[in-house]
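*Asks:* my_file_14.csv is reproduced below (CSV, C-alpha atoms (C1' of nucleotides)).
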chain,number,residue,atom,x,y,z
A,1,MET,CA,-90.6,-26.0,127.8
A,2,VAL,CA,-88.7,-23.1,126.4
A,3,LEU,CA,-85.5,-24.7,125.2
A,4,HIS,CA,-84.5,-22.4,122.4
A,5,LYS,CA,-82.6,-19.9,124.5
A,6,GLU,CA,-80.8,-22.5,126.6
A,7,GLU,CA,-79.8,-24.6,123.6
A,8,GLU,CA,-78.5,-21.5,122.0
A,9,VAL,CA,-76.4,-20.7,125.1
A,10,LEU,CA,-75.0,-24.1,125.1
A,11,THR,CA,-74.2,-24.1,121.4
A,12,THR,CA,-72.5,-20.8,121.6
A,13,TYR,CA,-70.5,-21.9,124.6
A,14,LEU,CA,-69.4,-25.1,122.9
A,15,LYS,CA,-68.4,-23.3,119.7
A,16,ASN,CA,-66.3,-20.7,121.6
A,17,LYS,CA,-64.5,-23.5,123.4
A,18,ASN,CA,-64.1,-25.7,120.3
A,19,LEU,CA,-66.2,-28.4,122.0
A,20,LYS,CA,-68.8,-30.5,120.3
A,21,LEU,CA,-72.6,-30.7,120.5
A,22,THR,CA,-73.3,-34.3,121.0
A,23,ASN,CA,-76.7,-36.0,121.1
A,24,GLN,CA,-76.1,-36.9,124.8
A,25,ARG,CA,-75.6,-33.3,125.6
A,26,ARG,CA,-78.8,-32.3,123.8
A,27,VAL,CA,-80.8,-35.0,125.6
A,28,ILE,CA,-79.4,-34.3,129.0
A,29,LEU,CA,-80.1,-30.5,128.6
A,30,LYS,CA,-83.7,-31.1,127.6
A,31,LEU,CA,-84.3,-33.4,130.6
A,32,PHE,CA,-82.5,-31.1,133.0
A,33,LEU,CA,-84.6,-28.2,132.0
A,34,ASN,CA,-87.8,-30.2,132.2
A,35,THR,CA,-86.9,-31.5,135.6
A,36,GLU,CA,-87.5,-30.0,139.1
A,37,ILE,CA,-85.0,-27.4,139.8
A,38,HIS,CA,-82.7,-29.2,142.2
A,39,VAL,CA,-81.6,-32.5,140.8
A,40,THR,CA,-78.7,-34.8,141.5
A,41,ALA,CA,-76.7,-36.5,138.8
A,42,GLU,CA,-78.0,-39.8,139.9
A,43,GLU,CA,-81.6,-38.7,139.7
A,44,LEU,CA,-81.1,-37.5,136.1
A,45,TYR,CA,-79.4,-40.8,135.3
A,46,GLU,CA,-82.3,-42.8,136.7
A,47,LYS,CA,-84.8,-40.8,134.6
A,48,LEU,CA,-82.6,-41.3,131.5
A,49,LYS,CA,-82.3,-45.0,131.9
A,50,HIS,CA,-85.7,-45.7,130.5
A,51,THR,CA,-85.5,-43.6,127.4
A,52,HIS,CA,-81.8,-43.5,126.8
A,53,PRO,CA,-80.2,-46.6,128.3
A,54,GLU,CA,-77.1,-46.1,126.3
A,55,ILE,CA,-76.1,-42.9,128.2
A,56,GLY,CA,-73.6,-43.7,131.0
A,57,ILE,CA,-73.6,-42.1,134.4
A,58,ALA,CA,-70.2,-40.6,133.9
A,59,THR,CA,-71.5,-38.6,131.0
A,60,VAL,CA,-74.3,-37.2,133.2
A,61,TYR,CA,-71.8,-36.1,135.8
A,62,ARG,CA,-69.6,-34.6,133.1
A,63,THR,CA,-72.4,-32.9,131.3
A,64,LEU,CA,-73.8,-31.2,134.4
A,65,LYS,CA,-70.4,-29.8,135.2
A,66,LEU,CA,-70.3,-28.5,131.6
A,67,PHE,CA,-73.6,-26.8,132.0
A,68,CYS,CA,-72.2,-25.0,135.1
A,69,ASP,CA,-69.3,-23.8,133.0
A,70,ALA,CA,-71.7,-22.7,130.3
A,71,GLY,CA,-73.8,-20.7,132.8
A,72,LEU,CA,-76.8,-23.0,132.4
A,73,ALA,CA,-76.6,-24.7,135.8
A,74,LEU,CA,-75.4,-24.0,139.3
A,75,GLU,CA,-74.2,-26.4,141.9
A,76,VAL,CA,-75.9,-26.3,145.3
A,77,GLN,CA,-75.4,-28.4,148.4
A,78,PHE,CA,-77.8,-28.8,151.2
A,79,GLY,CA,-75.6,-31.0,153.4
A,80,ASP,CA,-77.2,-34.3,152.6
A,81,GLY,CA,-74.1,-35.5,150.8
A,82,PHE,CA,-75.4,-34.9,147.3
A,83,THR,CA,-74.4,-32.2,144.8
A,84,ARG,CA,-77.5,-30.8,143.3
A,85,TYR,CA,-77.9,-28.7,140.2
A,86,GLU,CA,-80.4,-26.0,139.7
A,87,HIS,CA,-81.3,-23.9,136.6
A,88,HIS,CA,-79.2,-20.9,136.4
A,89,TYR,CA,-79.7,-19.3,133.0
A,90,GLY,CA,-82.0,-16.3,133.5
A,91,HIS,CA,-82.3,-17.0,137.2
A,92,GLY,CA,-81.0,-14.3,139.5
A,93,HIS,CA,-79.3,-15.0,142.8
A,94,HIS,CA,-81.7,-16.4,145.5
A,95,ASP,CA,-81.7,-18.2,148.8
A,96,HIS,CA,-83.6,-21.3,149.8
A,97,LEU,CA,-86.3,-22.5,152.2
A,98,VAL,CA,-85.7,-26.2,152.5
A,99,CYS,CA,-88.5,-28.4,154.0
A,100,GLU,CA,-86.9,-31.1,156.0
A,101,LYS,CA,-90.0,-33.3,155.8
A,102,CYS,CA,-91.1,-33.4,152.1
A,103,GLY,CA,-87.8,-32.1,150.7
A,104,LYS,CA,-89.4,-29.2,148.8
A,105,TYR,CA,-87.2,-26.2,148.0
A,106,ILE,CA,-88.6,-22.7,147.8
A,107,GLU,CA,-86.5,-20.0,146.2
A,108,VAL,CA,-86.6,-16.7,147.9
A,109,ILE,CA,-84.8,-13.4,147.8
A,110,ASP,CA,-85.0,-10.5,150.2
A,111,GLU,CA,-83.1,-7.3,149.3
A,112,ARG,CA,-83.0,-6.1,152.9
A,113,ILE,CA,-81.1,-9.2,153.9
A,114,GLU,CA,-78.8,-8.9,151.0
A,115,LYS,CA,-77.9,-5.3,152.0
A,116,LEU,CA,-77.4,-6.3,155.6
A,117,GLN,CA,-75.1,-9.1,154.6
A,118,GLN,CA,-73.0,-6.6,152.7
A,119,SER,CA,-72.8,-4.3,155.7
A,120,LEU,CA,-72.1,-7.2,158.1
A,121,ALA,CA,-69.1,-8.1,155.8
A,122,GLU,CA,-67.9,-4.5,155.8
A,123,GLN,CA,-68.0,-4.3,159.6
A,124,ASN,CA,-65.6,-7.2,159.6
A,125,ASN,CA,-63.4,-5.9,156.8
A,126,PHE,CA,-64.5,-8.8,154.6
A,127,HIS,CA,-65.0,-8.7,150.9
A,128,ILE,CA,-67.9,-10.9,149.8
A,129,LEU,CA,-67.7,-12.8,146.6
A,130,ARG,CA,-70.7,-15.0,147.0
A,131,HIS,CA,-72.9,-16.3,149.7
A,132,ARG,CA,-75.4,-18.9,150.6
A,133,MET,CA,-78.4,-18.8,153.0
A,134,GLU,CA,-80.7,-21.7,153.7
A,135,LEU,CA,-83.5,-21.8,156.1
A,136,TYR,CA,-84.4,-25.3,157.1
A,137,GLY,CA,-87.7,-26.3,158.6
A,138,LEU,CA,-91.2,-27.2,157.6
A,139,CYS,CA,-93.4,-25.9,154.8
A,140,LYS,CA,-97.0,-25.0,155.5
A,141,ASP,CA,-98.3,-28.4,154.4
A,142,CYS,CA,-95.9,-30.4,156.5
A,143,PHE,CA,-96.3,-28.1,159.5
A,144,CYS,CA,-100.1,-28.4,159.5
A,145,LYS,CA,-100.0,-32.2,159.1
A,146,LYS,CA,-97.7,-32.1,162.1
B,1,MET,CA,-58.0,-24.1,178.7
B,2,VAL,CA,-61.3,-24.3,180.6
B,3,LEU,CA,-62.0,-27.9,180.4
B,4,HIS,CA,-64.0,-28.4,183.7
B,5,LYS,CA,-67.4,-27.4,182.4
B,6,GLU,CA,-67.2,-29.4,179.1
B,7,GLU,CA,-65.8,-32.5,180.8
B,8,GLU,CA,-68.6,-32.3,183.2
B,9,VAL,CA,-71.2,-32.0,180.4
B,10,LEU,CA,-69.7,-35.1,178.8
B,11,THR,CA,-69.6,-37.1,182.0
B,12,THR,CA,-73.2,-36.3,182.8
B,13,TYR,CA,-74.3,-37.2,179.3
B,14,LEU,CA,-72.5,-40.5,179.4
B,15,LYS,CA,-73.9,-41.4,182.8
B,16,ASN,CA,-77.4,-40.6,181.7
B,17,LYS,CA,-77.0,-42.8,178.6
B,18,ASN,CA,-75.2,-45.6,180.5
B,19,LEU,CA,-72.1,-45.0,178.4
B,20,LYS,CA,-68.5,-45.1,179.5
B,21,LEU,CA,-65.9,-42.4,180.0
B,22,THR,CA,-62.8,-43.8,178.2
B,23,ASN,CA,-59.4,-42.4,178.1
B,24,GLN,CA,-59.8,-41.9,174.3
B,25,ARG,CA,-62.8,-39.7,174.9
B,26,ARG,CA,-61.0,-37.6,177.5
B,27,VAL,CA,-58.0,-37.1,175.2
B,28,ILE,CA,-60.1,-36.3,172.1
B,29,LEU,CA,-62.2,-33.8,174.1
B,30,LYS,CA,-59.2,-32.0,175.4
B,31,LEU,CA,-57.7,-31.8,171.9
B,32,PHE,CA,-60.9,-30.7,170.3
B,33,LEU,CA,-61.4,-27.9,172.8
B,34,ASN,CA,-57.8,-26.7,172.3
B,35,THR,CA,-58.0,-26.8,168.6
B,36,GLU,CA,-59.2,-24.1,166.2
B,37,ILE,CA,-62.9,-24.0,166.1
B,38,HIS,CA,-63.7,-25.8,162.8
B,39,VAL,CA,-61.8,-29.1,162.6
B,40,THR,CA,-62.3,-32.2,160.5
B,41,ALA,CA,-62.0,-35.6,162.0
B,42,GLU,CA,-58.9,-36.2,159.8
B,43,GLU,CA,-57.2,-33.1,161.2
B,44,LEU,CA,-57.8,-34.2,164.8
B,45,TYR,CA,-56.5,-37.6,163.9
B,46,GLU,CA,-53.3,-36.2,162.5
B,47,LYS,CA,-52.7,-34.1,165.6
B,48,LEU,CA,-53.3,-37.1,167.8
B,49,LYS,CA,-50.9,-39.4,165.9
B,50,HIS,CA,-47.9,-37.9,167.6
B,51,THR,CA,-49.0,-38.0,171.2
B,52,HIS,CA,-51.5,-40.9,171.0
B,53,PRO,CA,-50.6,-43.2,168.1
B,54,GLU,CA,-52.8,-45.9,169.6
B,55,ILE,CA,-56.0,-44.0,169.0
B,56,GLY,CA,-57.6,-45.1,165.7
B,57,ILE,CA,-59.3,-42.8,163.2
B,58,ALA,CA,-62.7,-44.6,163.6
B,59,THR,CA,-62.7,-43.6,167.2
B,60,VAL,CA,-62.1,-40.0,166.3
B,61,TYR,CA,-65.1,-40.0,163.9
B,62,ARG,CA,-67.3,-41.8,166.5
B,63,THR,CA,-66.3,-39.5,169.3
B,64,LEU,CA,-67.0,-36.3,167.4
B,65,LYS,CA,-70.5,-37.6,166.7
B,66,LEU,CA,-70.8,-38.4,170.3
B,67,PHE,CA,-69.8,-34.8,171.2
B,68,CYS,CA,-72.6,-33.6,168.9
B,69,ASP,CA,-75.1,-35.7,170.7
B,70,ALA,CA,-73.8,-34.5,174.0
B,71,GLY,CA,-74.2,-30.9,172.9
B,72,LEU,CA,-70.5,-30.2,172.9
B,73,ALA,CA,-69.9,-30.0,169.2
B,74,LEU,CA,-71.8,-29.0,166.1
B,75,GLU,CA,-71.4,-30.3,162.5
B,76,VAL,CA,-70.8,-27.7,159.9
B,77,GLN,CA,-70.2,-28.1,156.2
B,78,PHE,CA,-68.8,-25.4,153.9
B,79,GLY,CA,-69.1,-27.4,150.7
B,80,ASP,CA,-65.5,-28.5,150.4
B,81,GLY,CA,-66.4,-32.2,151.0
B,82,PHE,CA,-65.4,-32.2,154.6
B,83,THR,CA,-67.6,-32.4,157.7
B,84,ARG,CA,-66.2,-30.0,160.2
B,85,TYR,CA,-66.9,-29.7,163.9
B,86,GLU,CA,-67.1,-26.5,165.9
B,87,HIS,CA,-67.4,-25.9,169.6
B,88,HIS,CA,-71.0,-25.7,170.6
B,89,TYR,CA,-71.2,-25.7,174.4
B,90,GLY,CA,-71.8,-22.1,175.6
B,91,HIS,CA,-71.7,-20.9,172.0
B,92,GLY,CA,-74.9,-19.2,170.7
B,93,HIS,CA,-76.0,-19.5,167.1
B,94,HIS,CA,-73.9,-17.7,164.6
B,95,ASP,CA,-73.1,-17.4,160.9
B,96,HIS,CA,-69.8,-17.5,159.1
B,97,LEU,CA,-67.6,-15.4,157.0
B,98,VAL,CA,-65.3,-17.8,155.1
B,99,CYS,CA,-62.2,-16.6,153.4
B,100,GLU,CA,-61.7,-18.6,150.3
B,101,LYS,CA,-58.0,-17.8,150.1
B,102,CYS,CA,-56.6,-18.5,153.6
B,103,GLY,CA,-59.4,-20.6,154.8
B,104,LYS,CA,-60.1,-18.5,157.9
B,105,TYR,CA,-63.6,-18.6,159.4
B,106,ILE,CA,-65.0,-15.6,161.2
B,107,GLU,CA,-68.1,-16.1,163.3
B,108,VAL,CA,-70.7,-13.4,163.2
B,109,ILE,CA,-74.2,-12.7,164.3
B,110,ASP,CA,-76.6,-9.9,163.2
B,111,GLU,CA,-79.9,-9.7,165.0
B,112,ARG,CA,-81.4,-7.7,162.2
B,113,ILE,CA,-80.7,-10.4,159.7
B,114,GLU,CA,-82.1,-13.1,162.1
B,115,LYS,CA,-85.3,-11.1,162.4
B,116,LEU,CA,-85.6,-10.7,158.6
B,117,GLN,CA,-85.1,-14.4,158.1
B,118,GLN,CA,-88.0,-15.0,160.4
B,119,SER,CA,-90.3,-12.6,158.6
B,120,LEU,CA,-89.1,-14.0,155.2
B,121,ALA,CA,-90.1,-17.4,156.3
B,122,GLU,CA,-93.5,-16.2,157.6
B,123,GLN,CA,-94.2,-14.5,154.2
B,124,ASN,CA,-93.8,-18.0,152.7
B,125,ASN,CA,-95.8,-19.8,155.3
B,126,PHE,CA,-92.6,-21.6,156.4
B,127,HIS,CA,-91.7,-22.7,159.8
B,128,ILE,CA,-87.9,-22.3,160.4
B,129,LEU,CA,-86.2,-24.9,162.6
B,130,ARG,CA,-82.7,-23.9,161.9
B,131,HIS,CA,-80.7,-22.1,159.3
B,132,ARG,CA,-77.3,-21.5,157.9
B,133,MET,CA,-75.7,-18.5,156.3
B,134,GLU,CA,-72.2,-18.3,155.0
B,135,LEU,CA,-70.6,-15.4,153.2
B,136,TYR,CA,-67.7,-16.5,151.1
B,137,GLY,CA,-65.0,-14.1,149.9
B,138,LEU,CA,-61.7,-12.6,151.0
B,139,CYS,CA,-60.7,-11.5,154.5
B,140,LYS,CA,-59.0,-8.1,154.8
B,141,ASP,CA,-55.4,-9.6,154.7
B,142,CYS,CA,-56.0,-11.6,151.6
B,143,PHE,CA,-57.9,-8.9,149.8
B,144,CYS,CA,-55.1,-6.3,150.4
B,145,LYS,CA,-52.3,-8.8,149.3
B,146,LYS,CA,-53.9,-9.0,145.9
C,1,DA,C1',-59.7,-56.5,194.3
C,2,DA,C1',-62.0,-59.9,191.4
C,3,DT,C1',-66.2,-60.7,188.7
C,4,DG,C1',-69.2,-60.1,185.0
C,5,DA,C1',-72.3,-57.6,182.0
C,6,DT,C1',-71.9,-54.3,178.7
C,7,DT,C1',-69.7,-50.9,176.1
C,8,DT,C1',-65.7,-49.4,173.4
C,9,DT,C1',-61.9,-49.8,170.6
C,10,DG,C1',-58.7,-50.4,166.5
C,11,DA,C1',-57.8,-52.6,162.2
C,12,DT,C1',-59.8,-53.0,158.3
C,13,DA,C1',-63.5,-54.1,155.0
C,14,DA,C1',-67.3,-51.9,153.0
C,15,DC,C1',-69.9,-48.1,151.2
C,16,DT,C1',-71.0,-44.1,148.4
C,17,DA,C1',-70.6,-40.0,145.6
C,18,DA,C1',-67.7,-38.4,142.3
C,19,DT,C1',-63.6,-38.5,139.2
C,20,DA,C1',-59.9,-40.6,136.3
C,21,DT,C1',-58.6,-43.8,132.7
C,22,DC,C1',-58.7,-45.3,128.1
C,23,DA,C1',-59.9,-47.6,123.8
C,24,DA,C1',-63.7,-47.1,120.7
C,25,DC,C1',-66.6,-43.8,118.7
C,26,DT,C1',-68.4,-39.4,116.8
C,27,DA,C1',-68.8,-34.5,115.4
C,28,DA,C1',-67.1,-31.1,112.7
C,29,DT,C1',-63.7,-29.3,109.4
C,30,DT,C1',-61.1,-30.0,105.2
D,1,DA,C1',-64.5,-39.5,102.4
D,2,DA,C1',-60.7,-38.6,105.3
D,3,DT,C1',-58.7,-36.3,109.2
D,4,DT,C1',-58.4,-34.4,113.6
D,5,DA,C1',-59.7,-33.6,118.0
D,6,DG,C1',-63.2,-34.0,121.4
D,7,DT,C1',-66.5,-37.4,123.6
D,8,DT,C1',-68.4,-41.5,125.4
D,9,DG,C1',-69.3,-45.7,128.3
D,10,DA,C1',-67.5,-49.2,131.1
D,11,DT,C1',-65.0,-49.6,134.8
D,12,DA,C1',-61.3,-48.7,138.0
D,13,DT,C1',-60.1,-45.5,141.4
D,14,DT,C1',-60.3,-42.1,145.0
D,15,DA,C1',-61.8,-40.0,149.3
D,16,DG,C1',-64.6,-39.3,153.2
D,17,DT,C1',-67.1,-41.9,156.2
D,18,DT,C1',-69.4,-45.9,158.3
D,19,DA,C1',-70.0,-50.9,159.5
D,20,DT,C1',-68.0,-55.1,161.3
D,21,DC,C1',-66.2,-57.8,164.9
D,22,DA,C1',-63.0,-60.0,168.0
D,23,DA,C1',-60.3,-58.2,171.7
D,24,DA,C1',-59.9,-54.9,175.4
D,25,DA,C1',-61.6,-51.6,178.7
D,26,DT,C1',-65.1,-49.6,181.9
D,27,DC,C1',-67.9,-49.7,185.9
D,28,DA,C1',-71.3,-51.5,189.1
D,29,DT,C1',-71.6,-55.3,192.0
D,30,DT,C1',-69.8,-58.6,194.9
Represent the structure from my file as structure tokens, please.
*Replies:*
Amino acid sequence: MVLHKEEEVLTTYLKNKNLKLTNQRRVILKLFLNTEIHVTAEELYEKLKHTHPEIGIATVYRTLKLFCDAGLALEVQFGDGFTRYEHHYGHGHHDHLVCEKCGKYIEVIDERIEKLQQSLAEQNNFHILRHRMELYGLCKDCFCKK
Amino acid sequence: MVLHKEEEVLTTYLKNKNLKLTNQRRVILKLFLNTEIHVTAEELYEKLKHTHPEIGIATVYRTLKLFCDAGLALEVQFGDGFTRYEHHYGHGHHDHLVCEKCGKYIEVIDERIEKLQQSLAEQNNFHILRHRMELYGLCKDCFCKK
DNA sequence: AATGATTTTGATAACTAATATCAACTAATT
DNA sequence: AATTAGTTGATATTAGTTATCAAAATCATT
């Protein structure tokens, strides 16, 4: 529930770009930050419908892209056809464990793997700008339940 | 240009499933195997248009899915909105280096990383079924040119 | 080779996630 | 309060892919 910092980041970004802080942007930011970490635009829109039926879906899409530009969100794709957005401000790079049964996403980071990725790239004369690694399978709960 | 094995795999698969070996399937398989390893359905369709204008795009989509079921192809997605298909028969698991400038894909495999992924999953009580790792950046050529 | 049951095909409609359009509206500056 | 420039919501549009369905093709059987 710590909004202060993120709201400040957004405000600063908007000011620098001569953009405006609208009520929609405030509302969507609040909801985004209080929602599970990997949401789609549609999911956010569904949640908004109850409390803010006046906010259109186009605005949700637009605003999430804006958050990415402002460094508050990051686009991720897990191959199910949806673009998801995760919290980015104050979050370092990480990889994902994706449970294919319950849909849970665990964020992980392993420095040894990061180093090996770098050396693997060097062996191939490749200059890494970014990377993604997702391990798909079953979380403990789903694995035990069978 | 070694088609024999793959054609046999397809034939066997079709027979087991009581499906039929059509000329379209033969043509698309041949083209798929002689085409760069990560093609989209649209790309294959474009190439076919010249030599086989009678083959529809729906058939290309359908046939690529069929190849996946038969173990001849594998779906991959690099987040550009296209589903790509790579050769799968006789190809072991591998990861990708993706050049964001020229679009080249290099296939790589690093056993040390594979092992660490396994141990990372275990630390999190997670049971891996499959995974993907893509390193995005610039290949040597594109990096030197600018 | 003809038959017949079943699968496949191509044209096209439909679907879905996401983006573009645009007149009405709103925030922020003067 | 007026002005300017950005923003919004409804909706049309786009793009990749899948569904529909009558006509055509495959293949086992005769």
*Asks:* Fit chain A to chain B, using all C-alpha atoms paired in sequence order for the least-squares superposition, and then show me the result as a compact mmCIF listing (two decimals) with C-alpha atoms, in the frame of the given file.
*Replies:*
# COMPACT_ATOMS: atom_id res chain seq x y z
CA MET A 1 -58.02 -24.04 178.45
CA VAL A 2 -61.14 -24.22 180.50
CA LEU A 3 -62.01 -27.89 180.38
CA HIS A 4 -63.85 -28.34 183.63
CA LYS A 5 -67.27 -27.37 182.36
CA GLU A 6 -67.03 -29.34 179.13
CA GLU A 7 -65.73 -32.47 180.84
CA GLU A 8 -68.54 -32.19 183.26
CA VAL A 9 -71.07 -31.97 180.39
CA LEU A 10 -69.63 -34.96 178.82
CA THR A 11 -69.56 -36.98 182.01
CA THR A 12 -73.10 -36.15 182.81
CA TYR A 13 -74.20 -37.02 179.31
CA LEU A 14 -72.41 -40.36 179.40
CA LYS A 15 -73.83 -41.26 182.82
CA ASN A 16 -77.43 -40.45 181.73
CA LYS A 17 -76.99 -42.66 178.69
CA ASN A 18 -75.19 -45.47 180.57
CA LEU A 19 -72.13 -44.92 178.36
CA LYS A 20 -68.57 -45.00 179.54
CA LEU A 21 -65.85 -42.37 179.97
CA THR A 22 -62.91 -43.80 178.24
CA ASN A 23 -59.39 -42.38 178.10
CA GLN A 24 -59.78 -41.87 174.30
CA ARG A 25 -62.80 -39.78 174.89
CA ARG A 26 -61.01 -37.65 177.48
CA VAL A 27 -58.03 -37.13 175.17
CA ILE A 28 -60.05 -36.35 172.12
CA LEU A 29 -62.19 -33.77 174.08
CA LYS A 30 -59.12 -31.99 175.40
CA LEU A 31 -57.59 -31.74 171.90
CA PHE A 32 -60.85 -30.70 170.31
CA LEU A 33 -61.29 -27.91 172.72
CA ASN A 34 -57.71 -26.76 172.33
CA THR A 35 -57.98 -26.82 168.59
CA GLU A 36 -59.21 -24.13 166.12
CA ILE A 37 -62.88 -24.07 166.05
CA HIS A 38 -63.59 -25.81 162.77
CA VAL A 39 -61.78 -29.08 162.55
CA THR A 40 -62.27 -32.21 160.50
CA ALA A 41 -61.99 -35.68 161.92
CA GLU A 42 -58.95 -36.28 159.88
CA GLU A 43 -57.22 -33.18 161.13
CA LEU A 44 -57.81 -34.25 164.76
CA TYR A 45 -56.51 -37.71 163.90
CA GLU A 46 -53.34 -36.30 162.37
CA LYS A 47 -52.68 -34.19 165.50
CA LEU A 48 -53.32 -37.25 167.71
CA LYS A 49 -50.98 -39.49 165.85
CA HIS A 50 -47.92 -38.07 167.46
CA THR A 51 -49.02 -38.19 171.04
CA HIS A 52 -51.53 -40.97 170.96
CA PRO A 53 -50.69 -43.34 168.11
CA GLU A 54 -52.84 -46.01 169.55
CA ILE A 55 -56.11 -44.07 168.90
CA GLY A 56 -57.73 -45.20 165.61
CA ILE A 57 -59.43 -42.91 163.16
CA ALA A 58 -62.75 -44.61 163.58
CA THR A 59 -62.78 -43.66 167.21
CA VAL A 60 -62.21 -40.00 166.27
CA TYR A 61 -65.14 -40.08 163.90
CA ARG A 62 -67.26 -41.81 166.53
CA THR A 63 -66.24 -39.54 169.32
CA LEU A 64 -67.00 -36.33 167.43
CA LYS A 65 -70.46 -37.58 166.64
CA LEU A 66 -70.84 -38.30 170.38
CA PHE A 67 -69.84 -34.82 171.28
CA CYS A 68 -72.59 -33.51 168.93
CA ASP A 69 -75.09 -35.67 170.77
CA ALA A 70 -73.76 -34.40 174.07
CA GLY A 71 -74.15 -30.75 172.97
CA LEU A 72 -70.39 -30.16 172.97
CA ALA A 73 -69.90 -29.96 169.20
CA LEU A 74 -71.80 -29.01 166.10
CA GLU A 75 -71.37 -30.25 162.60
CA VAL A 76 -70.84 -27.65 159.87
CA GLN A 77 -70.22 -28.02 156.17
CA PHE A 78 -68.75 -25.46 153.91
CA GLY A 79 -69.08 -27.44 150.67
CA ASP A 80 -65.51 -28.58 150.40
CA GLY A 81 -66.49 -32.18 151.00
CA PHE A 82 -65.44 -32.30 154.63
CA THR A 83 -67.62 -32.39 157.76
CA ARG A 84 -66.22 -29.97 160.22
CA TYR A 85 -66.91 -29.68 163.91
CA GLU A 86 -67.02 -26.52 165.86
CA HIS A 87 -67.37 -25.87 169.64
CA HIS A 88 -70.90 -25.65 170.61
CA TYR A 89 -71.11 -25.70 174.39
CA GLY A 90 -71.74 -22.11 175.52
CA HIS A 91 -71.65 -20.85 171.96
CA GLY A 92 -74.84 -19.26 170.70
CA HIS A 93 -76.07 -19.57 167.14
CA HIS A 94 -73.88 -17.64 164.59
CA ASP A 95 -73.16 -17.40 160.91
CA HIS A 96 -69.83 -17.50 159.14
CA LEU A 97 -67.53 -15.36 156.99
CA VAL A 98 -65.37 -17.86 155.17
CA CYS A 99 -62.15 -16.59 153.47
CA GLU A 100 -61.67 -18.52 150.32
CA LYS A 101 -57.95 -17.72 150.20
CA CYS A 102 -56.51 -18.47 153.71
CA GLY A 103 -59.46 -20.58 154.88
CA LYS A 104 -60.09 -18.49 158.02
CA TYR A 105 -63.59 -18.58 159.51
CA ILE A 106 -65.07 -15.60 161.30
CA GLU A 107 -68.15 -16.12 163.42
CA VAL A 108 -70.70 -13.42 163.19
CA ILE A 109 -74.25 -12.78 164.24
CA ASP A 110 -76.56 -9.98 163.24
CA GLU A 111 -79.98 -9.78 164.95
CA ARG A 112 -81.50 -7.72 162.15
CA ILE A 113 -80.78 -10.49 159.70
CA GLU A 114 -82.09 -13.08 162.02
CA LYS A 115 -85.42 -11.19 162.35
CA LEU A 116 -85.66 -10.71 158.62
CA GLN A 117 -85.10 -14.38 158.02
CA GLN A 118 -87.99 -15.13 160.33
CA SER A 119 -90.25 -12.72 158.48
CA LEU A 120 -89.09 -13.98 155.06
CA ALA A 121 -90.13 -17.53 156.25
CA GLU A 122 -93.50 -16.25 157.43
CA GLN A 123 -94.21 -14.56 154.09
CA ASN A 124 -93.81 -17.96 152.53
CA ASN A 125 -95.77 -19.85 155.17
CA PHE A 126 -92.60 -21.65 156.23
CA HIS A 127 -91.70 -22.70 159.70
CA ILE A 128 -87.97 -22.40 160.36
CA LEU A 129 -86.23 -24.93 162.48
CA ARG A 130 -82.68 -23.96 161.80
CA HIS A 131 -80.70 -22.11 159.25
CA ARG A 132 -77.30 -21.54 157.88
CA MET A 133 -75.71 -18.42 156.29
CA GLU A 134 -72.19 -18.24 154.94
CA LEU A 135 -70.60 -15.38 153.24
CA TYR A 136 -67.67 -16.42 151.13
CA GLY A 137 -64.95 -14.10 149.98
CA LEU A 138 -61.74 -12.56 151.17
CA CYS A 139 -60.68 -11.35 154.60
CA LYS A 140 -58.95 -8.01 154.97
CA ASP A 141 -55.47 -9.54 154.87
CA CYS A 142 -56.06 -11.58 151.76
CA PHE A 143 -57.91 -8.76 150.02
CA CYS A 144 -55.09 -6.26 150.59
CA LYS A 145 -52.41 -8.74 149.45
CA LYS A 146 -54.56 -9.11 146.37
*Asks:* Please identify every residue of chain D that has at least one atom no more than 10 Å from any atom of chain A, counting all atoms listed in the file, and report them as an MDAnalysis selection string.
*Replies:* chainID D and resid 5:10
*Asks:* How many Å separate CA of Val60 in chain B from CA of His91 in chain B?
*Replies:*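 About the pair CA of Val60 in chain B and CA of His91 in chain B: they are 22.1 Å apart.
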*Asks:* Expressed in Å to a single decimal, how great is the separation between C1' of DT26 in chain D and CA of Lys17 in chain B?
*Replies:*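 C1' of DT26 in chain D sits 14.1 Å away from CA of Lys17 in chain B.
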*Asks:* Could you list, as a ChimeraX atom specification, every residue within 9 Å of DA19 in chain D, counting all atoms listed in the file and ignoring same-chain residues fewer than 2 positions away?
*Replies:* /C:13-15
*Asks:* Find the residues of chain C in contact range of chain A, meaning any atom within 9 Å when counting only C-alpha atoms (C1' of nucleotides), and list them as a count of residues only.
*Replies:* 6
*Asks:* Kindly provide, as an MDAnalysis selection string, the residues of chain A having any atom no farther than 7 Å from an atom of chain B, counting all atoms listed in the file.
*Replies:* chainID A and resid 77 79 113 116 125:140
*Asks:* Kindly give the distance, in Å, that separates CA of Arg25 in chain B and CA of Gly103 in chain B, rounded to a single decimal.
*Replies:*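 Straight-line distance from CA of Arg25 in chain B to CA of Gly103 in chain B works out to 27.9 Å.
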*Asks:* List the spatial neighbours of DT30 in chain D as a VMD selection string - criterion: any atom at most 12 Å away, only C-alpha atoms (C1' of nucleotides), same-chain residues fewer than 6 positions off excluded.
*Replies:* chain C and resid 1 to 4
